[in-house]
$ cat input-v4.cif   # mmCIF, C-alpha atoms
data_upload
#
loop_
_atom_site.label_atom_id
_atom_site.label_comp_id
_atom_site.auth_asym_id
_atom_site.auth_seq_id
_atom_site.Cartn_x
_atom_site.Cartn_y
_atom_site.Cartn_z
CA MET A 1 0.00 0.00 0.00
CA MET A 2 1.12 3.55 -0.72
CA LEU A 3 0.01 6.87 0.60
CA PRO A 4 -0.33 9.23 -2.40
CA ALA A 5 0.59 12.32 -0.37
CA PHE A 6 3.71 10.67 1.11
CA PRO A 7 5.49 8.61 -1.57
CA ASP A 8 8.20 7.39 0.80
CA ALA A 9 5.86 6.09 3.52
CA ALA A 10 5.58 2.38 4.25
CA PRO A 11 2.39 2.23 6.36
CA VAL A 12 1.79 -1.54 6.26
CA ALA A 13 5.41 -2.49 6.97
CA GLY A 14 5.39 0.17 9.69
CA LEU A 15 2.27 -1.18 11.37
CA ALA A 16 3.49 -4.81 11.09
CA GLY A 17 6.96 -4.03 12.41
CA GLY A 18 5.48 -1.83 15.11
CA PHE A 19 3.22 -4.68 16.17
CA LEU A 20 6.31 -6.92 16.53
CA ILE A 21 8.04 -4.24 18.65
CA GLY A 22 4.92 -4.07 20.82
CA LEU A 23 4.86 -7.86 21.07
CA ALA A 24 8.48 -7.87 22.23
CA ALA A 25 7.53 -5.37 24.95
CA VAL A 26 4.57 -7.60 25.92
CA ILE A 27 6.90 -10.60 26.32
CA MET A 28 9.14 -8.52 28.60
CA LEU A 29 6.24 -7.08 30.62
CA LEU A 30 4.10 -10.17 31.16
CA GLY A 31 6.97 -12.66 31.17
CA LEU A 32 9.53 -10.86 33.31
CA GLY A 33 7.56 -7.93 34.73
CA ARG A 34 9.85 -5.32 33.17
CA ILE A 35 9.90 -2.44 30.72
CA ALA A 36 11.57 -3.29 27.40
CA GLY A 37 13.61 -0.09 27.36
CA VAL A 38 16.65 -0.39 25.14
CA SER A 39 18.73 2.41 26.73
CA GLY A 40 18.16 0.95 30.21
CA MET A 41 18.94 -2.59 29.07
CA LEU A 42 22.12 -1.41 27.34
CA ALA A 43 23.29 0.55 30.39
CA ARG A 44 22.64 -2.47 32.58
CA ALA A 45 24.22 -5.00 30.20
CA SER A 46 27.37 -2.89 29.89
CA GLY A 47 27.60 -2.44 33.64
CA ILE A 48 27.18 1.35 33.42
CA ALA A 49 23.96 1.14 35.47
CA ASP A 50 23.97 -0.63 38.84
CA THR A 51 20.23 -1.04 39.10
CA GLY A 52 17.60 -2.50 36.79
CA ALA A 53 17.24 -5.92 35.24
CA PRO A 54 19.58 -8.75 36.32
CA ARG A 55 22.68 -8.49 34.17
CA SER A 56 22.06 -11.84 32.44
CA VAL A 57 18.57 -10.69 31.44
CA ALA A 58 19.84 -7.37 30.07
CA LEU A 59 22.70 -9.07 28.18
CA ALA A 60 20.35 -11.61 26.59
CA PHE A 61 18.10 -8.76 25.36
CA VAL A 62 21.02 -6.76 23.98
CA VAL A 63 22.33 -9.82 22.09
CA GLY A 64 18.90 -10.89 20.82
CA LEU A 65 18.00 -7.49 19.36
CA PRO A 66 20.71 -7.20 16.66
CA LEU A 67 20.30 -10.90 15.89
CA GLY A 68 16.59 -10.46 15.16
CA ALA A 69 17.23 -7.40 13.01
CA THR A 70 20.05 -9.14 11.11
CA LEU A 71 17.95 -12.25 10.40
CA VAL A 72 15.12 -10.15 8.94
CA THR A 73 17.45 -7.97 6.88
CA LEU A 74 19.33 -10.97 5.46
CA SER A 75 16.06 -12.69 4.56
CA SER A 76 15.50 -9.58 2.38
CA SER A 77 12.21 -8.52 3.94
CA GLY A 78 14.12 -5.87 5.86
CA VAL A 79 15.51 -2.62 4.54
CA GLU A 80 19.23 -2.00 4.22
CA PRO A 81 20.03 0.76 6.72
CA ARG A 82 21.21 4.01 5.12
CA PHE A 83 23.58 6.00 7.32
CA THR A 84 23.85 9.66 6.55
CA GLY A 85 26.25 12.20 7.90
CA SER A 86 29.87 12.23 8.94
CA ILE A 87 31.71 10.32 11.64
CA ALA A 88 31.81 13.50 13.71
CA GLN A 89 28.02 13.72 13.53
CA LEU A 90 27.68 10.08 14.62
CA VAL A 91 29.98 10.69 17.60
CA ILE A 92 28.20 13.88 18.72
CA ALA A 93 24.78 12.26 18.24
CA GLY A 94 25.82 9.12 20.13
CA LEU A 95 27.16 11.13 23.07
CA LEU A 96 23.93 13.14 23.28
CA VAL A 97 21.73 10.04 23.00
CA GLY A 98 23.72 8.18 25.67
CA PHE A 99 23.83 11.07 28.13
CA GLY A 100 20.26 12.20 27.41
CA THR A 101 18.61 8.80 27.77
CA ARG A 102 20.31 8.24 31.13
CA LEU A 103 19.39 11.69 32.43
CA GLY A 104 15.83 11.38 31.11
CA SER A 105 15.48 7.72 32.20
CA GLY A 106 14.55 6.31 28.83
CA CYS A 107 14.29 6.49 25.08
CA THR A 108 11.84 5.78 22.27
CA SER A 109 11.12 2.25 23.54
CA GLY A 110 10.85 2.80 27.29
CA HIS A 111 9.09 6.18 27.27
CA GLY A 112 7.61 5.99 23.76
CA VAL A 113 6.26 2.45 23.38
CA CYS A 114 5.98 1.24 26.99
CA GLY A 115 5.28 4.51 28.82
CA LEU A 116 2.75 5.97 26.39
CA SER A 117 0.75 2.73 26.28
CA ARG A 118 0.75 2.76 30.10
CA LEU A 119 -0.58 6.37 29.96
CA SER A 120 2.36 7.48 32.12
CA ARG A 121 2.39 11.28 32.34
CA ARG A 122 6.17 11.24 32.81
CA SER A 123 6.60 9.31 29.59
CA MET A 124 4.16 11.57 27.75
CA VAL A 125 6.23 14.62 28.75
CA ALA A 126 9.48 12.85 27.80
CA THR A 127 8.13 11.67 24.43
CA LEU A 128 6.71 15.09 23.53
CA THR A 129 10.04 16.65 24.51
CA PHE A 130 12.31 14.37 22.49
CA MET A 131 9.94 14.49 19.50
CA THR A 132 9.91 18.30 19.60
CA SER A 133 13.67 18.59 19.95
CA GLY A 134 14.13 15.98 17.20
CA PHE A 135 11.89 17.95 14.83
CA ALA A 136 13.67 21.20 15.76
CA THR A 137 17.14 19.68 15.28
CA VAL A 138 16.39 18.23 11.85
CA GLY A 139 14.57 21.42 10.85
CA LEU A 140 17.66 23.46 11.73
CA MET A 141 19.94 20.99 9.95
CA HIS A 142 17.75 21.37 6.89
CA ALA A 143 17.78 25.15 7.13
CA PHE A 144 21.58 25.22 7.42
CA GLY A 145 22.14 22.84 4.52
CA PHE A 146 23.23 19.72 6.41
CA ILE A 147 20.44 17.75 4.73
CA ASN A 148 19.65 17.82 1.02
CA GLY A 149 16.29 17.07 -0.48
CA MET B 1 11.68 -20.95 30.36
CA LYS B 2 14.47 -19.19 32.20
CA ALA B 3 14.54 -15.40 32.50
CA PRO B 4 17.47 -14.77 30.11
CA THR B 5 15.83 -17.01 27.48
CA ILE B 6 12.63 -14.96 27.63
CA SER B 7 14.62 -11.73 27.48
CA PHE B 8 16.58 -13.04 24.49
CA LEU B 9 13.29 -13.85 22.75
CA SER B 10 11.97 -10.36 23.49
CA GLY B 11 15.16 -8.83 22.05
CA LEU B 12 14.95 -11.06 18.97
CA VAL B 13 11.33 -10.02 18.24
CA PHE B 14 12.16 -6.36 19.01
CA GLY B 15 15.04 -6.37 16.52
CA ALA B 16 12.93 -8.15 13.89
CA GLY B 17 10.24 -5.50 14.35
CA LEU B 18 12.76 -2.68 13.91
CA ALA B 19 14.00 -4.21 10.65
CA VAL B 20 10.51 -4.99 9.28
CA SER B 21 9.21 -1.50 10.10
CA GLY B 22 12.11 0.28 8.44
CA MET B 23 13.09 1.91 11.74
CA ALA B 24 16.53 0.28 11.59
CA ASP B 25 17.13 2.65 8.66
CA PRO B 26 18.40 5.99 10.01
CA ALA B 27 17.53 7.80 6.78
CA ARG B 28 13.87 6.81 7.17
CA VAL B 29 13.74 7.87 10.82
CA ARG B 30 15.28 11.22 10.01
CA ALA B 31 12.81 11.67 7.14
CA PHE B 32 10.06 11.46 9.78
CA LEU B 33 11.73 14.23 11.74
CA ASP B 34 12.29 16.34 8.62
CA LEU B 35 9.11 18.38 8.26
CA PHE B 36 10.76 20.60 5.64
CA GLY B 37 11.84 17.74 3.38
CA THR B 38 9.88 14.87 1.83
CA TRP B 39 8.08 13.96 5.04
CA ASP B 40 7.86 10.23 5.75
CA PRO B 41 5.16 9.44 8.34
CA THR B 42 6.13 5.73 8.71
CA LEU B 43 7.37 6.18 12.30
CA ALA B 44 3.85 7.19 13.37
CA PHE B 45 2.49 3.90 11.99
CA VAL B 46 5.19 2.00 13.87
CA MET B 47 4.21 3.68 17.15
CA ALA B 48 0.53 2.95 16.48
CA GLY B 49 1.29 -0.69 15.71
CA ALA B 50 3.30 -1.07 18.91
CA MET B 51 0.63 0.60 21.08
CA VAL B 52 -2.02 -2.03 20.29
CA PRO B 53 -0.49 -5.13 21.90
CA MET B 54 1.03 -3.08 24.72
CA ALA B 55 -2.25 -1.36 25.64
CA VAL B 56 -3.87 -4.81 25.98
CA ALA B 57 -0.87 -6.08 27.95
CA TRP B 58 -1.17 -3.27 30.53
CA LEU B 59 -4.83 -4.24 31.09
CA ILE B 60 -3.81 -7.86 31.64
CA GLN B 61 -0.88 -6.81 33.84
CA ARG B 62 -3.24 -5.10 36.29
CA ARG B 63 -4.97 -8.41 36.97
CA MET B 64 -1.75 -10.36 37.50
CA THR B 65 -0.15 -10.73 40.91
CA LYS B 66 3.23 -11.61 39.42
CA PRO B 67 4.82 -12.01 35.98
CA MET B 68 4.64 -15.42 34.31
CA ALA B 69 8.32 -16.27 34.68
CA CYS B 70 9.55 -14.49 37.82
CA GLU B 71 8.52 -13.48 41.30
CA ALA B 72 7.53 -9.82 41.06
CA PHE B 73 6.90 -6.91 38.73
CA ASP B 74 9.70 -4.37 38.66
CA LEU B 75 8.20 -1.32 36.97
CA PRO B 76 9.08 2.39 37.16
CA GLY B 77 7.18 3.98 40.02
CA THR B 78 8.42 7.55 39.71
CA ARG B 79 5.73 10.10 38.95
CA VAL B 80 7.80 13.25 39.29
CA ILE B 81 8.12 15.39 36.19
CA ASP B 82 11.34 17.31 36.77
CA GLY B 83 14.08 19.17 34.95
CA LYS B 84 16.18 16.03 34.61
CA LEU B 85 13.42 14.26 32.68
CA VAL B 86 12.86 17.19 30.33
CA ALA B 87 16.54 18.10 29.85
CA GLY B 88 17.47 14.47 29.27
CA ALA B 89 14.69 13.96 26.72
CA ALA B 90 15.60 17.23 24.98
CA LEU B 91 19.28 16.27 24.64
CA PHE B 92 18.31 12.80 23.48
CA GLY B 93 16.06 14.37 20.81
CA VAL B 94 18.94 16.47 19.46
CA GLY B 95 21.14 13.38 19.06
CA TRP B 96 18.24 11.42 17.60
CA GLY B 97 17.74 14.14 15.00
CA ILE B 98 21.41 14.52 14.07
CA ALA B 99 21.94 10.84 13.29
CA GLY B 100 18.40 9.48 12.85
CA LEU B 101 19.34 6.93 15.49
CA CYS B 102 18.00 6.04 18.93
CA PRO B 103 19.35 3.17 21.05
CA GLY B 104 17.23 0.34 19.56
CA PRO B 105 17.99 0.91 15.88
CA ALA B 106 21.66 1.61 16.66
CA LEU B 107 21.96 -1.81 18.31
CA ALA B 108 19.90 -3.41 15.54
CA ASP B 109 22.39 -2.21 12.90
CA ILE B 110 25.54 -3.31 14.67
CA VAL B 111 25.93 -6.54 12.66
CA ILE B 112 24.67 -5.21 9.31
CA VAL B 113 26.55 -1.88 9.35
CA PRO B 114 29.24 -2.53 11.96
CA PHE B 115 31.42 0.53 11.29
CA GLU B 116 28.88 3.37 11.48
CA ALA B 117 26.59 1.68 14.02
CA GLY B 118 29.63 0.70 16.06
CA ILE B 119 30.89 4.28 16.25
CA PHE B 120 27.46 5.49 17.33
CA VAL B 121 27.03 2.76 19.97
CA LEU B 122 30.51 3.41 21.40
CA ALA B 123 29.78 7.15 21.59
CA MET B 124 26.42 6.35 23.22
CA LEU B 125 28.10 4.20 25.86
CA ALA B 126 30.61 7.01 26.44
CA GLY B 127 27.72 9.43 26.92
CA MET B 128 26.18 7.07 29.47
CA ILE B 129 29.51 6.85 31.32
CA VAL B 130 29.78 10.66 31.33
CA HIS B 131 26.31 10.80 32.90
CA ARG B 132 27.31 8.28 35.54
CA ILE B 133 30.50 10.13 36.43
CA THR B 134 28.91 13.58 36.52
CA THR B 135 25.92 12.56 38.63
CA GLN B 136 27.79 10.70 41.36
#
$ encode --input "input-v4.cif" --output "structure tokens"
Amino acid sequence: MMLPAFPDAAPVAGLAGGFLIGLAAVIMLLGLGRIAGVSGMLARASGIADTGAPRSVALAFVVGLPLGATLVTLSSSGVEPRFTGSIAQLVIAGLLVGFGTRLGSGCTSGHGVCGLSRLSRRSMVATLTFMTSGFATVGLMHAFGFING
Amino acid sequence: MKAPTISFLSGLVFGAGLAVSGMADPARVRAFLDLFGTWDPTLAFVMAGAMVPMAVAWLIQRRMTKPMACEAFDLPGTRVIDGKLVAGAALFGVGWGIAGLCPGPALADIVIVPFEAGIFVLAMLAGMIVHRITTQ
């Protein structure tokens, strides 16, 4: 299916993939009683965070995630990731994402998927904030010629 | 099933979902954030798709006394909306916009695009360490 107004959109693949992401969060919530938050799991698995999931649980999640993505991409139903921007941009972005998700206690999965569906006001504020600053950042990058098209 | 096995399964399905949805592709994520370019609304469909099973799961969770595979729920209980939450989310959003990457997709790409994803993940871990050092 295509959306005439938005030629690049993939609504069906988006909904299907989103459903799988939700299902993964359901497995974590009902199976282990936890939030499937990637930044938290990564901090715990790497030993940067002292609290949270047991380390073995966090490590298993962090290993499973790239494996699932790789299997889908190799079986050709996935999209080849396109990285844009310089190494300096990746480094700056990574630093901000790492620091910001720890300070704000979560990212797109923990606050976005899990928190919003729980109707958590904290997560609603966080999600609105990172969405707004994401839009603003890319808007500025566009205005200053860092993005073409 | 043991706890790490269930967690591994959750990670596997999560990663598959990221790849199927196109969210493992930083260019597509950034196209969602680019209101002045050729806007790509796919990310909104992904969020909608993820909300459905999770909304049902929260209803079920309320009726459960404990999770299926361990002794107790361990869920965030904080309700305070403070400067840390907002500042953290704002900084995260800037990084998300610059690279089109948040933690999940960055991890998802580490095998397929090891160089770029690897640089981002290392920088992300460094950012987390900086937070730990500066807040102690």
$ residues_around --input "input-v4.cif" --residues "B:Val111" --least-positions-apart "4" --cutoff "8 Å" --atoms "all atoms listed in the file" --output "PDB file with C-alpha atoms, in the coordinates of the input"
ATOM      1  CA  PRO A  66      20.710  -7.200  16.660  1.00  0.00           C
ATOM      2  CA  LEU A  67      20.300 -10.900  15.890  1.00  0.00           C
ATOM      3  CA  THR A  70      20.050  -9.140  11.110  1.00  0.00           C
TER       4      THR A  70
END
$ atom_distance --input "input-v4.cif" --atom1 "atom CA of A:Arg44" --atom2 "atom CA of B:Arg62"
26.3 Å
$ closest_residue --input "input-v4.cif" --among "A:Ala16, A:Leu74, A:Met28, A:Ala9" --to "B:Gln61" --atoms "only C-alpha atoms"
A:Met28
$ atom_distance --input "input-v4.cif" --atom1 "atom CA of B:Asp40" --atom2 "atom CA of B:Ala27"
10.0 Å
$ resolve_selection --input "input-v4.cif" --expression "the PyMOL selection byres ((chain B and resi 86-100) around 6)" --output "count of residues only"
23
$ resolve_selection --input "input-v4.cif" --expression "the PyMOL selection byres ((chain B and resi 41-46) around 6)" --output "PDB file with C-alpha atoms, keeping the file's coordinate frame"
ATOM      1  CA  ALA A   9       5.860   6.090   3.520  1.00  0.00           C
ATOM      2  CA  ALA A  10       5.580   2.380   4.250  1.00  0.00           C
ATOM      3  CA  PRO A  11       2.390   2.230   6.360  1.00  0.00           C
ATOM      4  CA  GLY A  14       5.390   0.170   9.690  1.00  0.00           C
ATOM      5  CA  LEU A  15       2.270  -1.180  11.370  1.00  0.00           C
ATOM      6  CA  GLY A  18       5.480  -1.830  15.110  1.00  0.00           C
TER       7      GLY A  18
ATOM      8  CA  PHE B  32      10.060  11.460   9.780  1.00  0.00           C
ATOM      9  CA  ASP B  40       7.860  10.230   5.750  1.00  0.00           C
ATOM     10  CA  MET B  47       4.210   3.680  17.150  1.00  0.00           C
ATOM     11  CA  ALA B  48       0.530   2.950  16.480  1.00  0.00           C
ATOM     12  CA  GLY B  49       1.290  -0.690  15.710  1.00  0.00           C
TER      13      GLY B  49
END
$ resolve_selection --input "input-v4.cif" --expression "the PyMOL selection byres ((chain B and resi 121) around 10)" --output "JSON, numbers by chain"
{"A": [42, 90, 91, 93, 94, 95, 97, 98], "B": [101, 102, 103, 106, 107, 109, 110, 114, 115, 116, 117, 118, 119, 120, 122, 123, 124, 125, 126, 127]}
$ residues_around --input "input-v4.cif" --residues "A:Gly47" --least-positions-apart "4" --cutoff "12 Å" --atoms "all atoms listed in the file" --output "list of chain:residue names"
A:Gly40, A:Met41, A:Leu42, A:Ala43, A:Thr51, A:Gly52, A:Ala53, A:Pro54, A:Arg55, A:Ser56, A:Ala58, A:Leu59, B:Leu125, B:Met128, B:Ile129, B:Arg132
$ write_last_selection --input "input-v4.cif" --atoms "C-alpha atoms" --output "PDB file, in the coordinates of the input"
ATOM      1  CA  GLY A  40      18.160   0.950  30.210  1.00  0.00           C
ATOM      2  CA  MET A  41      18.940  -2.590  29.070  1.00  0.00           C
ATOM      3  CA  LEU A  42      22.120  -1.410  27.340  1.00  0.00           C
ATOM      4  CA  ALA A  43      23.290   0.550  30.390  1.00  0.00           C
ATOM      5  CA  THR A  51      20.230  -1.040  39.100  1.00  0.00           C
ATOM      6  CA  GLY A  52      17.600  -2.500  36.790  1.00  0.00           C
ATOM      7  CA  ALA A  53      17.240  -5.920  35.240  1.00  0.00           C
ATOM      8  CA  PRO A  54      19.580  -8.750  36.320  1.00  0.00           C
ATOM      9  CA  ARG A  55      22.680  -8.490  34.170  1.00  0.00           C
ATOM     10  CA  SER A  56      22.060 -11.840  32.440  1.00  0.00           C
ATOM     11  CA  ALA A  58      19.840  -7.370  30.070  1.00  0.00           C
ATOM     12  CA  LEU A  59      22.700  -9.070  28.180  1.00  0.00           C
TER      13      LEU A  59
ATOM     14  CA  LEU B 125      28.100   4.200  25.860  1.00  0.00           C
ATOM     15  CA  MET B 128      26.180   7.070  29.470  1.00  0.00           C
ATOM     16  CA  ILE B 129      29.510   6.850  31.320  1.00  0.00           C
ATOM     17  CA  ARG B 132      27.310   8.280  35.540  1.00  0.00           C
TER      18      ARG B 132
END
$ closest_residue --input "input-v4.cif" --among "B:Leu12, B:Met1, B:Val113, B:Ala31" --to "chain A" --atoms "only C-alpha atoms"
B:Leu12
$ atom_distance --input "input-v4.cif" --atom1 "atom CA of A:Glu80" --atom2 "atom CA of B:Ala24"
8.2 Å
$ residues_near_point --input "input-v4.cif" --point "(18.2, -9.4, 20.2)" --cutoff "12 Å" --atoms "all atoms listed in the file" --output "compact mmCIF listing (two decimals) with C-alpha atoms, keeping the file's coordinate frame"
# COMPACT_ATOMS: atom_id res chain seq x y z
CA ILE A 21 8.04 -4.24 18.65
CA ALA A 24 8.48 -7.87 22.23
CA ALA A 36 11.57 -3.29 27.40
CA VAL A 38 16.65 -0.39 25.14
CA MET A 41 18.94 -2.59 29.07
CA LEU A 42 22.12 -1.41 27.34
CA VAL A 57 18.57 -10.69 31.44
CA ALA A 58 19.84 -7.37 30.07
CA LEU A 59 22.70 -9.07 28.18
CA ALA A 60 20.35 -11.61 26.59
CA PHE A 61 18.10 -8.76 25.36
CA VAL A 62 21.02 -6.76 23.98
CA VAL A 63 22.33 -9.82 22.09
CA GLY A 64 18.90 -10.89 20.82
CA LEU A 65 18.00 -7.49 19.36
CA PRO A 66 20.71 -7.20 16.66
CA LEU A 67 20.30 -10.90 15.89
CA GLY A 68 16.59 -10.46 15.16
CA ALA A 69 17.23 -7.40 13.01
CA THR A 70 20.05 -9.14 11.11
CA LEU A 71 17.95 -12.25 10.40
CA VAL A 72 15.12 -10.15 8.94
CA PRO B 4 17.47 -14.77 30.11
CA THR B 5 15.83 -17.01 27.48
CA ILE B 6 12.63 -14.96 27.63
CA SER B 7 14.62 -11.73 27.48
CA PHE B 8 16.58 -13.04 24.49
CA LEU B 9 13.29 -13.85 22.75
CA SER B 10 11.97 -10.36 23.49
CA GLY B 11 15.16 -8.83 22.05
CA LEU B 12 14.95 -11.06 18.97
CA VAL B 13 11.33 -10.02 18.24
CA PHE B 14 12.16 -6.36 19.01
CA GLY B 15 15.04 -6.37 16.52
CA ALA B 16 12.93 -8.15 13.89
CA GLY B 17 10.24 -5.50 14.35
CA LEU B 18 12.76 -2.68 13.91
CA ALA B 19 14.00 -4.21 10.65
CA GLY B 104 17.23 0.34 19.56
CA PRO B 105 17.99 0.91 15.88
CA LEU B 107 21.96 -1.81 18.31
CA ALA B 108 19.90 -3.41 15.54
CA ASP B 109 22.39 -2.21 12.90
CA ILE B 110 25.54 -3.31 14.67
CA VAL B 111 25.93 -6.54 12.66
$ axis_aligned_box --input "input-v4.cif" --around "stretch 88-106 of chain A" --padding-each-side "4 Å" --output "lines of an AutoDock Vina configuration file"
center_x = 23.2
center_y = 10.1
center_z = 23.0
size_x = 25.3
size_y = 15.6
size_z = 26.9
$ decode --input "input-v4.cif" --residues "stretch 43-57 of chain A" --atoms "N, CA, C and O atoms" --output "mmCIF file, in the first residue's frame"
data_model
loop_
_atom_site.group_PDB
_atom_site.id
_atom_site.type_symbol
_atom_site.label_atom_id
_atom_site.label_comp_id
_atom_site.auth_asym_id
_atom_site.auth_seq_id
_atom_site.Cartn_x
_atom_site.Cartn_y
_atom_site.Cartn_z
ATOM 1 N N ALA A 43 22.506 0.033 29.258
ATOM 2 C CA ALA A 43 23.288 0.549 30.391
ATOM 3 C C ALA A 43 23.531 -0.556 31.417
ATOM 4 O O ALA A 43 24.601 -0.657 32.011
ATOM 5 N N ARG A 44 22.531 -1.396 31.608
ATOM 6 C CA ARG A 44 22.643 -2.472 32.584
ATOM 7 C C ARG A 44 23.576 -3.576 32.070
ATOM 8 O O ARG A 44 24.425 -4.077 32.798
ATOM 9 N N ALA A 45 23.404 -3.934 30.787
ATOM 10 C CA ALA A 45 24.219 -5.004 30.199
ATOM 11 C C ALA A 45 25.697 -4.626 30.197
ATOM 12 O O ALA A 45 26.567 -5.456 30.422
ATOM 13 N N SER A 46 25.978 -3.337 29.961
ATOM 14 C CA SER A 46 27.372 -2.890 29.889
ATOM 15 C C SER A 46 27.954 -2.632 31.274
ATOM 16 O O SER A 46 29.142 -2.366 31.406
ATOM 17 N N GLY A 47 27.113 -2.678 32.291
ATOM 18 C CA GLY A 47 27.597 -2.437 33.643
ATOM 19 C C GLY A 47 27.651 -0.969 34.016
ATOM 20 O O GLY A 47 28.106 -0.611 35.101
ATOM 21 N N ILE A 48 27.160 -0.084 33.127
ATOM 22 C CA ILE A 48 27.178 1.350 33.424
ATOM 23 C C ILE A 48 26.121 1.672 34.484
ATOM 24 O O ILE A 48 26.319 2.527 35.338
ATOM 25 N N ALA A 49 24.987 0.970 34.443
ATOM 26 C CA ALA A 49 23.955 1.138 35.474
ATOM 27 C C ALA A 49 24.062 0.014 36.500
ATOM 28 O O ALA A 49 24.338 -1.131 36.143
ATOM 29 N N ASP A 50 23.885 0.374 37.768
ATOM 30 C CA ASP A 50 23.967 -0.631 38.838
ATOM 31 C C ASP A 50 22.613 -1.237 39.172
ATOM 32 O O ASP A 50 22.524 -2.275 39.814
ATOM 33 N N THR A 51 21.557 -0.539 38.781
ATOM 34 C CA THR A 51 20.226 -1.043 39.103
ATOM 35 C C THR A 51 19.471 -1.352 37.811
ATOM 36 O O THR A 51 19.839 -0.896 36.740
ATOM 37 N N GLY A 52 18.392 -2.119 37.959
ATOM 38 C CA GLY A 52 17.600 -2.496 36.795
ATOM 39 C C GLY A 52 17.499 -4.000 36.685
ATOM 40 O O GLY A 52 17.542 -4.704 37.706
ATOM 41 N N ALA A 53 17.392 -4.484 35.465
ATOM 42 C CA ALA A 53 17.242 -5.920 35.242
ATOM 43 C C ALA A 53 18.498 -6.658 35.690
ATOM 44 O O ALA A 53 19.585 -6.076 35.701
ATOM 45 N N PRO A 54 18.363 -7.950 36.079
ATOM 46 C CA PRO A 54 19.577 -8.748 36.324
ATOM 47 C C PRO A 54 20.459 -8.700 35.078
ATOM 48 O O PRO A 54 19.950 -8.635 33.957
ATOM 49 N N ARG A 55 21.763 -8.689 35.298
ATOM 50 C CA ARG A 55 22.675 -8.486 34.172
ATOM 51 C C ARG A 55 22.482 -9.533 33.069
ATOM 52 O O ARG A 55 22.528 -9.210 31.882
ATOM 53 N N SER A 56 22.230 -10.786 33.446
ATOM 54 C CA SER A 56 22.056 -11.842 32.443
ATOM 55 C C SER A 56 20.833 -11.561 31.571
ATOM 56 O O SER A 56 20.857 -11.803 30.358
ATOM 57 N N VAL A 57 19.787 -11.024 32.172
ATOM 58 C CA VAL A 57 18.566 -10.693 31.435
ATOM 59 C C VAL A 57 18.844 -9.558 30.453
ATOM 60 O O VAL A 57 18.468 -9.622 29.277
#
